[in-house]
>>> print(open('model-v1.cif').read())   # mmCIF, C-alpha atoms
data_work
loop_
_atom_site.label_atom_id
_atom_site.label_comp_id
_atom_site.auth_asym_id
_atom_site.auth_seq_id
_atom_site.Cartn_x
_atom_site.Cartn_y
_atom_site.Cartn_z
CA MET A 198 -21.92 -2.17 11.68
CA GLY A 199 -19.30 -0.15 13.60
CA GLN A 200 -16.02 1.19 12.31
CA LEU A 201 -13.83 -1.27 10.48
CA ARG A 202 -10.83 -2.49 12.48
CA ILE A 203 -7.72 -2.26 10.34
CA ALA A 204 -4.19 -3.41 11.22
CA VAL A 205 -1.54 -1.02 9.89
CA LEU A 206 1.82 -2.76 9.48
CA ASN A 207 4.18 0.22 9.60
CA ALA A 208 7.54 -0.49 7.97
CA ALA A 209 8.70 3.14 7.85
CA HIS A 210 11.32 2.97 10.62
CA GLU A 211 9.60 5.34 13.05
CA ASP A 212 8.88 8.04 10.46
CA ALA A 213 6.17 10.21 12.05
CA ASN A 214 4.98 11.25 8.58
CA THR A 215 3.79 7.70 7.88
CA THR A 216 1.67 7.50 11.02
CA ARG A 217 0.14 10.91 10.31
CA ASN A 218 -0.57 10.16 6.67
CA PHE A 219 -2.28 6.82 7.19
CA ARG A 220 -4.32 8.07 10.14
CA ARG A 221 -5.55 10.88 7.91
CA GLU A 222 -6.41 8.71 4.90
CA LEU A 223 -7.89 5.61 6.56
CA ASP A 224 -11.34 6.28 8.00
CA ALA A 225 -11.33 3.27 10.31
CA SER A 226 -10.29 2.10 13.76
CA LEU A 227 -6.55 1.60 13.31
CA ALA A 228 -4.22 -0.66 15.26
CA GLU A 229 -0.67 0.33 14.26
CA PHE A 230 2.31 -1.99 14.59
CA ASP A 231 5.96 -0.96 14.14
CA ILE A 232 7.03 -4.09 12.35
CA THR A 233 10.65 -2.88 12.02
CA GLN A 234 10.85 -3.27 15.82
CA GLY A 235 9.34 -6.74 15.73
CA GLU A 236 5.80 -5.63 16.61
CA LEU A 237 3.19 -7.83 14.96
CA PRO A 238 -0.45 -8.43 15.84
CA GLU A 239 -1.05 -11.27 18.29
CA THR A 240 -4.34 -12.05 16.55
CA PHE A 241 -5.80 -12.13 13.06
CA ALA A 242 -9.10 -10.65 14.24
CA PHE A 243 -9.04 -7.63 11.93
CA ASP A 244 -11.43 -6.65 9.17
CA GLY A 245 -8.45 -5.81 6.95
CA ALA A 246 -4.79 -4.85 6.95
CA VAL A 247 -2.60 -2.22 5.29
CA VAL A 248 1.17 -2.50 4.77
CA THR A 249 3.10 0.77 4.41
CA GLY A 250 6.19 1.81 2.51
CA SER A 251 9.74 1.34 3.79
CA ARG A 252 13.32 2.34 3.03
CA THR A 253 14.32 -1.36 2.95
CA SER A 254 13.96 -4.02 0.27
CA VAL A 255 11.66 -6.99 0.80
CA TYR A 256 14.43 -9.41 -0.21
CA TRP A 257 16.84 -8.25 2.50
CA ASP A 258 17.77 -10.89 5.05
CA GLU A 259 16.39 -9.22 8.17
CA GLU A 260 14.55 -10.98 10.98
CA TRP A 261 11.65 -8.51 11.11
CA ILE A 262 11.03 -8.89 7.38
CA HIS A 263 10.92 -12.70 7.66
CA ALA A 264 8.57 -12.49 10.65
CA THR A 265 6.30 -10.04 8.84
CA LYS A 266 6.10 -12.29 5.80
CA GLU A 267 5.09 -15.22 8.01
CA TRP A 268 2.32 -13.23 9.69
CA VAL A 269 1.05 -11.83 6.38
CA ASP A 270 1.06 -15.28 4.78
CA GLU A 271 -1.06 -16.68 7.63
CA ALA A 272 -3.41 -13.67 7.56
CA ILE A 273 -3.98 -14.06 3.82
CA ALA A 274 -4.70 -17.76 4.36
CA ARG A 275 -7.34 -16.66 6.88
CA ASP A 276 -8.95 -14.41 4.22
CA VAL A 277 -7.90 -11.08 5.77
CA PRO A 278 -8.13 -8.44 2.99
CA PHE A 279 -4.89 -6.51 2.38
CA LEU A 280 -3.78 -3.27 0.77
CA GLY A 281 -0.05 -2.76 0.24
CA ILE A 282 1.55 0.60 -0.52
CA CYS A 283 4.96 0.74 -2.29
CA TRP A 284 7.09 -1.60 -0.12
CA GLY A 285 3.83 -3.13 1.08
CA HIS A 286 2.84 -3.78 -2.54
CA GLN A 287 6.15 -5.56 -3.05
CA LEU A 288 5.89 -7.53 0.20
CA LEU A 289 2.43 -8.83 -0.66
CA ALA A 290 3.58 -9.83 -4.14
CA ASP A 291 6.58 -11.66 -2.63
CA VAL A 292 4.45 -13.51 -0.07
CA LEU A 293 2.06 -14.60 -2.81
CA GLY A 294 4.91 -16.00 -4.92
CA GLY A 295 5.78 -13.08 -7.17
CA THR A 296 9.26 -11.68 -7.79
CA VAL A 297 10.65 -8.38 -6.50
CA GLU A 298 13.90 -7.04 -7.94
CA ASP A 299 16.03 -3.94 -8.19
CA MET A 300 14.85 -2.27 -11.40
CA GLY A 301 18.18 -0.54 -12.06
CA THR A 302 16.80 2.98 -11.80
CA TYR A 303 14.98 5.18 -9.30
CA GLU A 304 11.51 6.55 -9.92
CA VAL A 305 10.88 9.56 -7.70
CA GLY A 306 8.54 12.52 -7.94
CA TYR A 307 5.18 13.00 -9.56
CA SER A 308 4.52 10.47 -12.32
CA ARG A 309 1.69 9.45 -14.59
CA VAL A 310 0.24 5.97 -14.14
CA GLU A 311 -2.43 4.17 -16.15
CA HIS A 312 -4.93 1.75 -14.64
CA PHE A 313 -7.02 -0.74 -16.56
CA GLY A 314 -9.31 -3.70 -16.10
CA GLY A 315 -12.09 -1.91 -14.24
CA SER A 316 -10.88 -2.84 -10.76
CA ARG A 317 -13.03 -1.42 -8.00
CA LEU A 318 -9.83 -0.27 -6.25
CA PHE A 319 -9.63 2.47 -8.88
CA ASP A 320 -13.30 3.49 -8.89
CA GLY A 321 -13.57 7.22 -9.50
CA ILE A 322 -9.92 7.56 -10.60
CA SER A 323 -9.13 8.66 -14.16
CA SER A 324 -7.66 5.93 -16.37
CA GLU A 325 -4.42 7.96 -16.50
CA PHE A 326 -3.67 9.73 -13.25
CA THR A 327 -0.94 11.56 -11.31
CA VAL A 328 0.79 10.01 -8.30
CA PHE A 329 3.85 10.57 -6.14
CA THR A 330 6.41 7.77 -6.47
CA SER A 331 9.61 6.72 -4.73
CA HIS A 332 11.03 3.27 -5.48
CA ALA A 333 14.05 1.50 -6.92
CA ASP A 334 12.60 -2.02 -6.60
CA GLU A 335 9.71 -3.38 -8.63
CA VAL A 336 7.37 -6.34 -8.80
CA SER A 337 9.01 -7.79 -11.90
CA THR A 338 6.82 -10.92 -11.97
CA LEU A 339 3.32 -10.97 -10.55
CA PRO A 340 2.15 -13.90 -8.41
CA ASP A 341 0.41 -16.71 -10.30
CA GLY A 342 -3.24 -15.81 -10.76
CA ALA A 343 -2.74 -12.12 -9.93
CA GLU A 344 -4.43 -9.50 -12.10
CA PRO A 345 -2.35 -6.48 -13.16
CA LEU A 346 -4.25 -3.28 -12.41
CA ALA A 347 -1.91 -0.38 -13.21
CA GLU A 348 1.47 0.42 -14.74
CA ASN A 349 3.73 3.05 -16.25
CA ASP A 350 7.02 2.96 -18.15
CA TYR A 351 8.92 2.09 -14.97
CA SER A 352 7.02 -0.87 -13.58
CA ASN A 353 3.81 -2.50 -12.48
CA HIS A 354 1.93 -0.06 -10.25
CA GLY A 355 -0.97 -2.19 -9.09
CA PHE A 356 -2.20 -5.77 -8.81
CA ARG A 357 -4.92 -7.84 -7.23
CA LYS A 358 -5.11 -11.47 -6.21
CA ASP A 359 -8.31 -12.52 -4.46
CA ARG A 360 -8.62 -10.21 -1.41
CA VAL A 361 -5.11 -8.77 -1.75
CA PHE A 362 -4.40 -5.44 -3.49
CA GLY A 363 -1.12 -3.61 -3.97
CA VAL A 364 -0.14 -0.25 -5.43
CA GLN A 365 3.45 0.85 -6.07
CA PHE A 366 2.81 4.58 -5.72
CA HIS A 367 2.22 6.66 -2.56
CA PRO A 368 -1.37 7.96 -2.44
CA GLU A 369 -0.93 8.90 1.22
CA TYR A 370 1.93 11.39 0.74
CA ASP A 371 1.45 15.05 1.56
CA GLN A 372 3.88 17.74 0.40
CA LYS A 373 5.82 17.75 3.68
CA THR A 374 6.46 14.00 3.39
CA ALA A 375 7.51 14.31 -0.25
CA ARG A 376 9.96 17.15 0.40
CA GLU A 377 11.57 15.44 3.38
CA LEU A 378 11.97 12.21 1.41
CA VAL A 379 13.66 13.99 -1.50
CA HIS A 380 16.12 15.75 0.83
CA ARG A 381 16.93 12.40 2.46
CA LYS A 382 17.73 10.58 -0.78
CA GLU A 383 21.15 10.49 -2.45
CA LEU A 384 20.39 12.48 -5.59
CA SER A 385 22.43 14.81 -7.73
CA ASP A 386 21.82 18.48 -6.99
CA GLU A 387 20.20 18.87 -10.38
CA ARG A 388 17.79 15.98 -9.92
CA ARG A 389 16.95 16.97 -6.34
CA ASP A 390 16.12 20.49 -7.42
CA SER A 391 14.05 19.19 -10.31
CA VAL A 392 11.95 16.88 -8.12
CA LEU A 393 11.52 19.51 -5.42
CA ALA A 394 10.26 21.92 -8.07
CA GLU A 395 7.49 19.40 -8.89
CA ILE A 396 6.15 19.41 -5.33
CA THR A 397 3.58 22.11 -5.86
CA ASP A 398 0.01 22.72 -4.76
CA GLU A 399 -1.13 21.97 -8.30
CA ASN A 400 0.57 18.57 -8.53
CA TYR A 401 -0.57 17.67 -5.03
CA ARG A 402 -4.14 18.53 -6.05
CA LYS A 403 -3.83 16.43 -9.22
CA ALA A 404 -2.55 13.47 -7.18
CA GLY A 405 -5.47 13.80 -4.79
CA GLU A 406 -7.75 11.50 -6.78
CA ALA A 407 -5.34 8.59 -6.16
CA LYS A 408 -6.30 8.80 -2.47
CA LEU A 409 -9.57 7.14 -3.49
CA VAL A 410 -7.79 3.78 -3.33
CA PHE A 411 -8.08 4.00 0.47
CA GLU A 412 -11.80 4.74 0.40
CA ASN A 413 -12.39 2.07 -2.24
CA PHE A 414 -10.45 -0.53 -0.26
CA LEU A 415 -12.38 0.21 2.92
CA GLU A 416 -15.69 0.04 1.04
CA TYR A 417 -14.62 -3.34 -0.37
CA VAL A 418 -13.78 -4.59 3.14
CA ALA A 419 -17.12 -3.33 4.46
CA GLU A 420 -18.95 -5.15 1.67
CA LEU A 421 -17.13 -8.37 2.55
CA GLN A 422 -18.12 -7.96 6.19
CA SER A 423 -21.74 -7.30 5.25
CA ALA A 424 -21.88 -10.30 2.90
CA GLU A 425 -20.34 -12.58 5.52
CA ALA A 426 -22.75 -11.32 8.19
CA THR A 427 -25.70 -11.95 5.87
CA SER A 428 -24.43 -15.43 5.05
CA SER A 429 -23.90 -16.22 8.73
CA GLY A 430 -27.38 -14.97 9.58
CA ALA A 431 -28.97 -17.07 6.84
CA THR A 432 -27.11 -20.17 8.05
CA SER A 433 -28.20 -19.50 11.64
CA THR A 434 -31.83 -19.10 10.54
CA ARG A 435 -31.78 -22.36 8.61
CA ALA A 436 -30.20 -24.20 11.52
CA GLY A 437 -32.83 -22.89 13.92
CA SER A 438 -35.86 -23.74 11.78
CA SER A 439 -38.04 -26.82 12.36
CA ASP A 440 -40.78 -28.65 10.46
#
>>> encode(input="model-v1.cif", output="structure tokens")
Amino acid sequence: MGQLRIAVLNAAHEDANTTRNFRRELDASLAEFDITQGELPETFAFDGAVVTGSRTSVYWDEEWIHATKEWVDEAIARDVPFLGICWGHQLLADVLGGTVEDMGTYEVGYSRVEHFGGSRLFDGISSEFTVFTSHADEVSTLPDGAEPLAENDYSNHGFRKDRVFGVQFHPEYDQKTARELVHRKELSDERRDSVLAEITDENYRKAGEAKLVFENFLEYVAELQSAEATSSGATSTRAGSSD
């Protein structure tokens, strides 16, 4: 089997950090689409798809958001596996029937998150782990049938429904991305300085284990492809046999 072909739905409004980060973390053949400019795949012939973060809210009335939701809904119906990151996590929850709302506060900086339930998305990651976060919206109600995978005192930080996974945190962030984001946000001087002080080599190293969600997702997609190829081969063999 060759490299997995993954569609990256980039909602980051032409932020070069996002392209760099996902190209670094996803060991696959990537087809990137700037969905904020109306770019969406013309086909569903991908092994999987990843939806990035964004500075927007999934409930905003914008044409590109509506179009993205329609494409994602159809792709899920066609059994394309998905991983959503931050805004992508929220978008997938919304498409599947969950609720996304302003949580009335802003979580930013390095946080502790706990995962549970033994999901393979978190294989190799400590039950309580460090992540970089930046969000003011949350998945306040999970889609029907979705399994919660991770949380902290702010919100849900991970869920799964069938072949769809979402995480609220940013496993792809490097220190450059984190610093630039903090400078861009409207924060008090005190809070900005406090968050910037957290962006250290040590915290970045601690957050490194969260990057395993990318590897685990790709391994899951590869296993699906292998199982489907085996099933297809068995069906073909049966059809070609004779008495």
>>> residues_around(input="model-v1.cif", residues="Val418 in chain A", least_positions_apart="6", cutoff="12 Å", atoms="all atoms listed in the file", output="PyMOL selection string")
chain A and resi 200-203+225+243-247+276-280+317-318+360-362+411-412+424-425
>>> closest_residue(input="model-v1.cif", among="A:Phe329, A:Phe230, A:Trp284, A:Phe319", to="Val205 in chain A", atoms="all atoms listed in the file")
A:Phe230
>>> closest_residue(input="model-v1.cif", among="A:Lys266, A:Ser323, A:Ala343, A:Asp371", to="Arg309 in chain A", atoms="all atoms listed in the file")
A:Ser323
>>> closest_residue(input="model-v1.cif", among="A:Glu304, A:Asp231, A:Glu222, A:Asp258", to="Ala333 in chain A", atoms="all atoms listed in the file")
A:Glu304
>>> closest_residue(input="model-v1.cif", among="A:Glu259, A:Asp334, A:Glu239, A:Asp350", to="Ala272 in chain A", atoms="all atoms listed in the file")
A:Glu239
>>> closest_residue(input="model-v1.cif", among="A:Val328, A:Val297, A:Leu346, A:Leu415", to="Ser226 in chain A", atoms="all atoms listed in the file")
A:Leu415
>>> atom_distance(input="model-v1.cif", atom1="CA of Leu393 in chain A", atom2="CA of Thr330 in chain A")
12.8 Å
>>> resolve_selection(input="model-v1.cif", expression="the PyMOL selection byres ((chain A and resi 339) around 12)", output="JSON, numbers by chain")
{"A": [286, 287, 288, 289, 290, 291, 292, 293, 294, 295, 296, 297, 298, 335, 336, 337, 338, 340, 341, 342, 343, 344, 345, 346, 352, 353, 354, 355, 356, 357, 358, 362, 363]}
>>> residues_around(input="model-v1.cif", residues="Glu406 in chain A", least_positions_apart="6", cutoff="8 Å", atoms="all atoms listed in the file", output="ChimeraX atom specification")
/A:321-322,326
>>> residues_around(input="model-v1.cif", residues="Asp212 in chain A", least_positions_apart="2", cutoff="12 Å", atoms="all atoms listed in the file", output="list in words")
Asn207, Ala208, Ala209, His210, Asn214, Thr215, Thr216, Arg217, Asn218, Phe219, Asp231, Thr233, Thr249, Gly250, Ser251, Arg252, Thr374, Glu377 and Leu378 of chain A
>>> resolve_selection(input="model-v1.cif", expression="the PyMOL selection byres ((chain A and resi 392) around 12)", output="PyMOL selection string")
chain A and resi 304-308+329-331+372+375-380+382+384-391+393-397+400
>>> write_last_selection(input="model-v1.cif", atoms="C-alpha atoms", output="compact mmCIF listing (two decimals), in the coordinates of the input")
# COMPACT_ATOMS: atom_id res chain seq x y z
CA GLU A 304 11.51 6.55 -9.92
CA VAL A 305 10.88 9.56 -7.70
CA GLY A 306 8.54 12.52 -7.94
CA TYR A 307 5.18 13.00 -9.56
CA SER A 308 4.52 10.47 -12.32
CA PHE A 329 3.85 10.57 -6.14
CA THR A 330 6.41 7.77 -6.47
CA SER A 331 9.61 6.72 -4.73
CA GLN A 372 3.88 17.74 0.40
CA ALA A 375 7.51 14.31 -0.25
CA ARG A 376 9.96 17.15 0.40
CA GLU A 377 11.57 15.44 3.38
CA LEU A 378 11.97 12.21 1.41
CA VAL A 379 13.66 13.99 -1.50
CA HIS A 380 16.12 15.75 0.83
CA LYS A 382 17.73 10.58 -0.78
CA LEU A 384 20.39 12.48 -5.59
CA SER A 385 22.43 14.81 -7.73
CA ASP A 386 21.82 18.48 -6.99
CA GLU A 387 20.20 18.87 -10.38
CA ARG A 388 17.79 15.98 -9.92
CA ARG A 389 16.95 16.97 -6.34
CA ASP A 390 16.12 20.49 -7.42
CA SER A 391 14.05 19.19 -10.31
CA LEU A 393 11.52 19.51 -5.42
CA ALA A 394 10.26 21.92 -8.07
CA GLU A 395 7.49 19.40 -8.89
CA ILE A 396 6.15 19.41 -5.33
CA THR A 397 3.58 22.11 -5.86
CA ASN A 400 0.57 18.57 -8.53
>>> atom_distance(input="model-v1.cif", atom1="CA of Gly235 in chain A", atom2="CA of Pro368 in chain A")
25.7 Å
>>> closest_residue(input="model-v1.cif", among="A:Val364, A:Ala274, A:Ala404, A:Ile282", to="Glu325 in chain A", atoms="all atoms listed in the file")
A:Ala404
>>> atom_distance(input="model-v1.cif", atom1="CA of Leu206 in chain A", atom2="CA of Asp320 in chain A")
24.6 Å
